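*Asks:* Just dropping this structure here.
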Amino acid sequence: MNDNDLFQSQALSSAPLAERLRPRTLDQVVGQSHLLAPGKPLRVAFESGRPHSMIFWGPPGVGKTTLARLMSDGFDAQFIAISAVLGGVKDIREAVTAAQVAQGQGRKTILFVDEVHRFNKAQQDAFLPYVESGLFTFIGATTENPSFEMNSALLSRARVYVLESLGQEELLELVNRSLELVNSDRPEQPVQMDEKARTQLAAWADGDARRLINAVEVVLDSAISSGRDLVDSAWLEVALSQNLRRFDKGGDAFYDQISALHKSVRGSDPDAALYWFTRMLDGGADAKYLSRRIVRMAWEDIGLADPRAMQIANDAAATYERLGSPEGELALAQAVIYLAVAAKSNAGYMAYNQARAFIKQDKSREVPPHLRNAPTKLMKELGHGHAYRYAHDEPHGYAAGENYFPEGMRKPGWYRPVPRGLESKIAEKMAFLKGLDEEVWKK
């Protein structure tokens with residue numbers, strides 16, 4: 001080993017755990033298999049040898065920066081990183097100058113812009129001529145929907161890749177890698193972590209690899225300094241202080257509190273729903289995660305009994321995205337209150353589940369001829385669309401007695417509206433239309 005290698009090795013060993021665990025090859029990346037598995041889009045892009053501009057869209061801690069760095073390594077390109085939170089036009093100009101120098105030396109440049117949606121339209125416009133000229137390959141990272149937050153001209157010149165939160169098994173893999181790496185530095189006194197503690201850490205991270213690794217580092221440092229050789233659930237409470245303790249106060253697990261929040265909303269108790277919501281926020285729960293669950297509650301437990309619930313839940317989630325914490329949390333809290341007092345129905349949820357279960361086990365049935373599309377003369381001659389009745393031309397805007405299912409399939413009756421809220425009106429409408437059908441069938 002030469003002096004330079006020794007210096008790099010020492011620097012790496014003293015670096016934060018997240019940096020030491022950062023993948024050096026694609027095969028070391030945990031998660032994103034829908035993009036990185038053999039034959040998948042990003043893997044193909046890496047293996048092609050021809051970099052192209054792209055946008056990585058996904059939640060925090062899923063590997064956006066890591067993938068950009070790997071791309072620069074894979075293409076032997078200069079890597080320039082800009083933070084749109086801290087940077088501005090001056091940083092863009094400096095990056096352009098550095099890319100021009102590299103180009104003069106025959107080397108490519110990857111320009112990575114983190115939180116690119118934070119740049120305004122003029123700042124995003126500044127990249128366009130250099131992206132078009134090929135001076136650098138542009139890679140933007142964003143947690144926001146690029147369709148809404150990014151300049152359409154820049155977006156049209158880049159391919160969007162959607163990155164996903166890490167799953168439980170992937171997070172557990174990271175816990176195991178972290179333990180292995182830390183213990184490799186001290187083989188004479190390794191630290192173990194029991195299965196329950198690993199599972200709790202993975203659940204607490206909520207799909208965020210960075211959050212998980214930082215938590216593991218805190219826990220292991222605390223264990224080592226205390227002379228412990230085993231990390232269990234109880235030690236997690238001590239090591240991660242109040243954030244994790246509140247999620248597991250009195251033995252309650254993180255997902256138990258989510259369940260309590262959901263069941264309080266379903267049970268129409270606004271005070272209880274607020275209690276669990278604010279307790280989770282106080283314990284460090286990611287408000288973005290809670291906003292997703294609130295939207296889910298609206299669709300699962302209220303549904304068409306009060307369609308305003310879905311709108312309020314979505315508006316609250318969007319408000320939080322715009323304002324962040326703590327201002328945006330008020331919108332989420334009021335959505336929780338509205339969902340708790342709204343009329344309840346799981347009829348749509350149950351109908352969807354029954355339909356999915358039926359399709360999964362049923363055979364593949366043909367579309368009846370009268371329902372088929374007939375854009376060409378040949379298709380019309382084959383009977384496609386023949387005898388189709390246009391509902392708008394029928395009395396009540398309803399083709400009474402018409403069948404919209406495949407031949408031989410009975411109407412399953414999956415959707416059964418409840419006598420609450422708007423669904424009571426829907427039930428009346430469905431009963432009226434059924435009566436029209438029965439009149440036709442009697443003839």
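Residues in the structure tokens are numbered from 1 in each chain, the chains being A, B, ... in the order shown, and ligands are numbered from 1 in the order shown.
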Considering only C-alpha atoms, return as a list in words whatever protein or nucleic-acid residues lie within 6 Å of region 342-359 of chain A, sequence-local ones (same chain, fewer than 3 positions apart) excluded.
*Replies:*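 The residues satisfying every condition are Glu300, Asp301, Ile302, Gly303, Ala305, Tyr338, Leu339, Asp362, Trp414, Tyr415, Arg416, Pro417 and Gly421 of chain A.
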*Asks:* Identify all residues of region 64-146 of chain A in strand (DSSP E or B) (DSSP on the backbone) and supply them as a PDB file with N, CA and C atoms, in the first residue's frame.
*Replies:*
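File produced: states-v6.pdb:
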```pdb
ATOM      1  N   GLN A  78     -15.954  13.972 -14.628  1.00  0.00           N
ATOM      2  CA  GLN A  78     -15.833  14.898 -13.515  1.00  0.00           C
ATOM      3  C   GLN A  78     -17.205  15.052 -12.853  1.00  0.00           C
ATOM      4  N   PHE A  79     -17.248  15.015 -11.526  1.00  0.00           N
ATOM      5  CA  PHE A  79     -18.511  15.131 -10.797  1.00  0.00           C
ATOM      6  C   PHE A  79     -18.575  16.494 -10.120  1.00  0.00           C
ATOM      7  N   ILE A  80     -19.577  17.297 -10.484  1.00  0.00           N
ATOM      8  CA  ILE A  80     -19.790  18.602  -9.867  1.00  0.00           C
ATOM      9  C   ILE A  80     -21.165  18.594  -9.230  1.00  0.00           C
ATOM     10  N   ALA A  81     -21.235  18.912  -7.945  1.00  0.00           N
ATOM     11  CA  ALA A  81     -22.507  18.912  -7.224  1.00  0.00           C
ATOM     12  C   ALA A  81     -22.879  20.324  -6.808  1.00  0.00           C
ATOM     13  N   ILE A  82     -24.142  20.674  -7.012  1.00  0.00           N
ATOM     14  CA  ILE A  82     -24.694  21.968  -6.600  1.00  0.00           C
ATOM     15  C   ILE A  82     -25.942  21.702  -5.771  1.00  0.00           C
ATOM     16  N   SER A  83     -26.088  22.426  -4.677  1.00  0.00           N
ATOM     17  CA  SER A  83     -27.320  22.361  -3.899  1.00  0.00           C
ATOM     18  C   SER A  83     -28.174  23.564  -4.249  1.00  0.00           C
ATOM     19  N   THR A 109     -18.270  15.672 -18.016  1.00  0.00           N
ATOM     20  CA  THR A 109     -18.685  16.221 -16.718  1.00  0.00           C
ATOM     21  C   THR A 109     -20.116  15.811 -16.417  1.00  0.00           C
ATOM     22  N   ILE A 110     -20.340  15.372 -15.189  1.00  0.00           N
ATOM     23  CA  ILE A 110     -21.689  15.137 -14.660  1.00  0.00           C
ATOM     24  C   ILE A 110     -21.989  16.285 -13.709  1.00  0.00           C
ATOM     25  N   LEU A 111     -23.019  17.059 -14.011  1.00  0.00           N
ATOM     26  CA  LEU A 111     -23.440  18.138 -13.110  1.00  0.00           C
ATOM     27  C   LEU A 111     -24.674  17.668 -12.349  1.00  0.00           C
ATOM     28  N   PHE A 112     -24.517  17.527 -11.036  1.00  0.00           N
ATOM     29  CA  PHE A 112     -25.598  17.045 -10.189  1.00  0.00           C
ATOM     30  C   PHE A 112     -26.173  18.216  -9.399  1.00  0.00           C
ATOM     31  N   VAL A 113     -27.478  18.430  -9.524  1.00  0.00           N
ATOM     32  CA  VAL A 113     -28.156  19.521  -8.814  1.00  0.00           C
ATOM     33  C   VAL A 113     -29.162  18.920  -7.836  1.00  0.00           C
ATOM     34  N   ASP A 114     -28.847  19.018  -6.556  1.00  0.00           N
ATOM     35  CA  ASP A 114     -29.725  18.472  -5.529  1.00  0.00           C
ATOM     36  C   ASP A 114     -30.856  19.451  -5.238  1.00  0.00           C
ATOM     37  N   THR A 137     -23.486  16.494 -18.671  1.00  0.00           N
ATOM     38  CA  THR A 137     -24.697  15.694 -18.500  1.00  0.00           C
ATOM     39  C   THR A 137     -25.367  16.167 -17.224  1.00  0.00           C
ATOM     40  N   PHE A 138     -26.597  16.590 -17.348  1.00  0.00           N
ATOM     41  CA  PHE A 138     -27.329  17.161 -16.218  1.00  0.00           C
ATOM     42  C   PHE A 138     -28.087  16.062 -15.477  1.00  0.00           C
ATOM     43  N   ILE A 139     -27.907  16.023 -14.149  1.00  0.00           N
ATOM     44  CA  ILE A 139     -28.689  15.120 -13.309  1.00  0.00           C
ATOM     45  C   ILE A 139     -29.283  15.937 -12.175  1.00  0.00           C
ATOM     46  N   GLY A 140     -30.602  16.003 -12.130  1.00  0.00           N
ATOM     47  CA  GLY A 140     -31.288  16.725 -11.063  1.00  0.00           C
ATOM     48  C   GLY A 140     -31.924  15.750 -10.092  1.00  0.00           C
ATOM     49  N   ALA A 141     -31.946  16.123  -8.824  1.00  0.00           N
ATOM     50  CA  ALA A 141     -32.606  15.309  -7.799  1.00  0.00           C
ATOM     51  C   ALA A 141     -33.705  16.139  -7.166  1.00  0.00           C
ATOM     52  N   THR A 142     -34.873  15.545  -7.003  1.00  0.00           N
ATOM     53  CA  THR A 142     -35.990  16.287  -6.424  1.00  0.00           C
ATOM     54  C   THR A 142     -36.907  15.361  -5.640  1.00  0.00           C
TER      55      THR A 142
END
```
*Asks:* Of the candidates A:Val101, A:Arg198, A:Arg210, A:Gln189, which one gets nearest to Lys64 (chain A) if we count only C-alpha atoms?
*Replies:*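 Smallest distance to Lys64 (chain A) is found for A:Arg210.
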*Asks:* Using only C-alpha atoms, which residue out of A:Val62, A:Gly87, A:Gly74, A:Gly207 lies closest to Val162 (chain A)?
*Replies:*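 Among the listed residues, the smallest separation from Val162 (chain A) belongs to A:Val62.
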*Asks:* So how many Å separate CA of Leu155 (chain A) and CA of Met54 (chain A), to one decimal?
*Replies:*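 These two atoms are separated by 8.4 Å.
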*Asks:* Using DSSP on the backbone coordinates, identify the residues of region 117-228 of chain A assigned to helix (DSSP H, G or I); present them as a PyMOL selection string.
*Replies:* chain A and resi 117-118+121-125+128-133+146-149+152-156+168-184+195-205+209-225
*Asks:* CA of Gln100 (chain A) and CA of Gly134 (chain A) are how many Å apart?
*Replies:*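 Interatomic distance, CA of Gln100 (chain A) to CA of Gly134 (chain A): 10.6 Å.
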*Asks:* If you measure from CA of Ala202 (chain A) to CA of Leu36 (chain A), what distance in Å do you get, rounded to one decimal?
*Replies:* 22.1 Å
*Asks:* Looking at A:Leu26, A:Met409, A:Ala223, A:Val96, which one is nearest to Glu366 (chain A), with distances taken over only C-alpha atoms?
*Replies:*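 Going through A:Leu26, A:Met409, A:Ala223, A:Val96 one by one, the smallest distance to Glu366 (chain A) is for A:Met409.
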*Asks:* Excluding region 393-406 of chain A and any residue of its chain fewer than 4 positions from it, enumerate the residues within 8 Å of it, using only C-alpha atoms, and give them as a list in words.
*Replies:*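 Answer for this query is Arg365, Glu366, Val367, Pro368, Leu371, Arg389, Arg410, Lys411, Leu433, Leu436, Asp437, Glu438, Val440 and Trp441 of chain A.
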*Asks:* Those same residues, written as a PDB file, in the first residue's frame with N, CA and C atoms?
*Replies:*
```pdb
ATOM      1  N   ARG A 365     -62.031 -13.405 -19.969  1.00  0.00           N
ATOM      2  CA  ARG A 365     -63.293 -13.378 -20.704  1.00  0.00           C
ATOM      3  C   ARG A 365     -63.221 -12.365 -21.851  1.00  0.00           C
ATOM      4  N   GLU A 366     -63.908 -12.671 -22.933  1.00  0.00           N
ATOM      5  CA  GLU A 366     -63.916 -11.802 -24.106  1.00  0.00           C
ATOM      6  C   GLU A 366     -64.805 -10.585 -23.887  1.00  0.00           C
ATOM      7  N   VAL A 367     -64.423  -9.470 -24.486  1.00  0.00           N
ATOM      8  CA  VAL A 367     -65.272  -8.272 -24.475  1.00  0.00           C
ATOM      9  C   VAL A 367     -66.441  -8.515 -25.423  1.00  0.00           C
ATOM     10  N   PRO A 368     -67.688  -8.310 -24.983  1.00  0.00           N
ATOM     11  CA  PRO A 368     -68.844  -8.514 -25.868  1.00  0.00           C
ATOM     12  C   PRO A 368     -68.738  -7.632 -27.116  1.00  0.00           C
ATOM     13  N   LEU A 371     -69.620  -3.887 -27.129  1.00  0.00           N
ATOM     14  CA  LEU A 371     -68.799  -2.976 -26.327  1.00  0.00           C
ATOM     15  C   LEU A 371     -67.422  -2.743 -26.941  1.00  0.00           C
ATOM     16  N   ARG A 389     -75.863   0.785 -27.421  1.00  0.00           N
ATOM     17  CA  ARG A 389     -76.843   1.825 -27.121  1.00  0.00           C
ATOM     18  C   ARG A 389     -76.146   2.979 -26.402  1.00  0.00           C
ATOM     19  N   ARG A 410     -72.576 -13.159 -14.473  1.00  0.00           N
ATOM     20  CA  ARG A 410     -73.648 -12.469 -13.762  1.00  0.00           C
ATOM     21  C   ARG A 410     -73.117 -11.186 -13.113  1.00  0.00           C
ATOM     22  N   LYS A 411     -74.014 -10.249 -12.881  1.00  0.00           N
ATOM     23  CA  LYS A 411     -73.616  -9.044 -12.160  1.00  0.00           C
ATOM     24  C   LYS A 411     -73.231  -9.434 -10.728  1.00  0.00           C
ATOM     25  N   LEU A 433     -82.414   2.796 -11.019  1.00  0.00           N
ATOM     26  CA  LEU A 433     -81.932   2.231 -12.275  1.00  0.00           C
ATOM     27  C   LEU A 433     -82.206   0.730 -12.348  1.00  0.00           C
ATOM     28  N   LEU A 436     -85.658   0.253 -13.531  1.00  0.00           N
ATOM     29  CA  LEU A 436     -85.775   0.408 -14.983  1.00  0.00           C
ATOM     30  C   LEU A 436     -85.334  -0.860 -15.703  1.00  0.00           C
ATOM     31  N   ASP A 437     -84.254  -1.477 -15.211  1.00  0.00           N
ATOM     32  CA  ASP A 437     -83.784  -2.739 -15.804  1.00  0.00           C
ATOM     33  C   ASP A 437     -84.859  -3.813 -15.699  1.00  0.00           C
ATOM     34  N   GLU A 438     -85.437  -3.925 -14.529  1.00  0.00           N
ATOM     35  CA  GLU A 438     -86.425  -4.992 -14.293  1.00  0.00           C
ATOM     36  C   GLU A 438     -87.651  -4.823 -15.188  1.00  0.00           C
ATOM     37  N   VAL A 440     -87.605  -3.677 -18.230  1.00  0.00           N
ATOM     38  CA  VAL A 440     -87.221  -4.174 -19.540  1.00  0.00           C
ATOM     39  C   VAL A 440     -87.160  -5.695 -19.547  1.00  0.00           C
ATOM     40  N   TRP A 441     -86.587  -6.241 -18.484  1.00  0.00           N
ATOM     41  CA  TRP A 441     -86.427  -7.698 -18.446  1.00  0.00           C
ATOM     42  C   TRP A 441     -87.785  -8.442 -18.394  1.00  0.00           C
TER      43      TRP A 441
END
```
*Asks:* Quick one: everything within 8 Å of Ala335 (chain A), counting only C-alpha atoms, minus sequence neighbours fewer than 3 positions away in the same chain. Send it as an mmCIF file with N, CA and C atoms, in the first residue's frame.
*Replies:*
```cif
data_model
loop_
_atom_site.group_PDB
_atom_site.id
_atom_site.type_symbol
_atom_site.label_atom_id
_atom_site.label_comp_id
_atom_site.auth_asym_id
_atom_site.auth_seq_id
_atom_site.Cartn_x
_atom_site.Cartn_y
_atom_site.Cartn_z
ATOM 1 N N ILE A 294 -53.068 9.586 5.930
ATOM 2 C CA ILE A 294 -54.327 10.328 6.044
ATOM 3 C C ILE A 294 -55.107 10.243 4.740
ATOM 4 N N ALA A 309 -63.922 14.513 1.712
ATOM 5 C CA ALA A 309 -62.847 14.033 2.583
ATOM 6 C C ALA A 309 -61.572 13.779 1.789
ATOM 7 N N ILE A 312 -60.072 17.190 0.880
ATOM 8 C CA ILE A 312 -59.438 17.840 2.028
ATOM 9 C C ILE A 312 -58.134 17.139 2.390
ATOM 10 N N ALA A 313 -58.119 15.799 2.355
ATOM 11 C CA ALA A 313 -56.897 15.053 2.675
ATOM 12 C C ALA A 313 -55.789 15.364 1.673
ATOM 13 N N ALA A 316 -54.572 18.945 2.171
ATOM 14 C CA ALA A 316 -53.729 19.043 3.368
ATOM 15 C C ALA A 316 -52.323 18.517 3.087
ATOM 16 N N ALA A 331 -52.577 21.905 8.715
ATOM 17 C CA ALA A 331 -53.465 21.416 7.656
ATOM 18 C C ALA A 331 -53.734 19.930 7.832
ATOM 19 N N LEU A 332 -52.693 19.170 8.160
ATOM 20 C CA LEU A 332 -52.869 17.726 8.376
ATOM 21 C C LEU A 332 -53.766 17.466 9.575
ATOM 22 N N TYR A 338 -61.533 16.391 10.201
ATOM 23 C CA TYR A 338 -62.634 16.248 9.242
ATOM 24 C C TYR A 338 -62.906 14.772 8.953
ATOM 25 N N LEU A 339 -61.853 14.000 8.746
ATOM 26 C CA LEU A 339 -62.034 12.578 8.454
ATOM 27 C C LEU A 339 -62.729 11.875 9.604
#
```
*Asks:* What's around Ala374 (chain A) at 10 Å? Count only C-alpha atoms, leave out sequence neighbours fewer than 5 positions away in its own chain, and write the answer as a list in words.
*Replies:*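 In the requested format, the answer is Pro369, Met379, Lys380, Glu381, Leu382, Gly383, His384, Gly385 and His386 of chain A.
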*Asks:* Any chance you could export the current selection's N, CA and C atoms as a PDB file, in the first residue's frame?
*Replies:*
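Saved to part29.pdb:
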```
ATOM      1  N   PRO A 369     -69.175  -8.124 -28.281  1.00  0.00           N
ATOM      2  CA  PRO A 369     -69.042  -7.360 -29.537  1.00  0.00           C
ATOM      3  C   PRO A 369     -69.599  -5.943 -29.459  1.00  0.00           C
ATOM      4  N   MET A 379     -63.361  -3.477 -38.671  1.00  0.00           N
ATOM      5  CA  MET A 379     -63.884  -3.787 -37.342  1.00  0.00           C
ATOM      6  C   MET A 379     -65.393  -3.642 -37.298  1.00  0.00           C
ATOM      7  N   LYS A 380     -65.917  -2.642 -37.989  1.00  0.00           N
ATOM      8  CA  LYS A 380     -67.375  -2.483 -38.057  1.00  0.00           C
ATOM      9  C   LYS A 380     -68.011  -3.659 -38.774  1.00  0.00           C
ATOM     10  N   GLU A 381     -67.370  -4.122 -39.864  1.00  0.00           N
ATOM     11  CA  GLU A 381     -67.888  -5.273 -40.605  1.00  0.00           C
ATOM     12  C   GLU A 381     -67.865  -6.538 -39.755  1.00  0.00           C
ATOM     13  N   LEU A 382     -66.924  -6.599 -38.815  1.00  0.00           N
ATOM     14  CA  LEU A 382     -66.836  -7.755 -37.915  1.00  0.00           C
ATOM     15  C   LEU A 382     -67.832  -7.671 -36.766  1.00  0.00           C
ATOM     16  N   GLY A 383     -68.583  -6.585 -36.726  1.00  0.00           N
ATOM     17  CA  GLY A 383     -69.616  -6.466 -35.701  1.00  0.00           C
ATOM     18  C   GLY A 383     -69.204  -5.724 -34.461  1.00  0.00           C
ATOM     19  N   HIS A 384     -67.990  -5.152 -34.482  1.00  0.00           N
ATOM     20  CA  HIS A 384     -67.548  -4.412 -33.301  1.00  0.00           C
ATOM     21  C   HIS A 384     -68.421  -3.173 -33.116  1.00  0.00           C
ATOM     22  N   GLY A 385     -68.963  -3.004 -31.924  1.00  0.00           N
ATOM     23  CA  GLY A 385     -69.794  -1.861 -31.616  1.00  0.00           C
ATOM     24  C   GLY A 385     -71.218  -1.963 -32.121  1.00  0.00           C
ATOM     25  N   HIS A 386     -71.571  -3.059 -32.789  1.00  0.00           N
ATOM     26  CA  HIS A 386     -72.919  -3.221 -33.340  1.00  0.00           C
ATOM     27  C   HIS A 386     -73.948  -3.321 -32.209  1.00  0.00           C
TER      28      HIS A 386
END
```
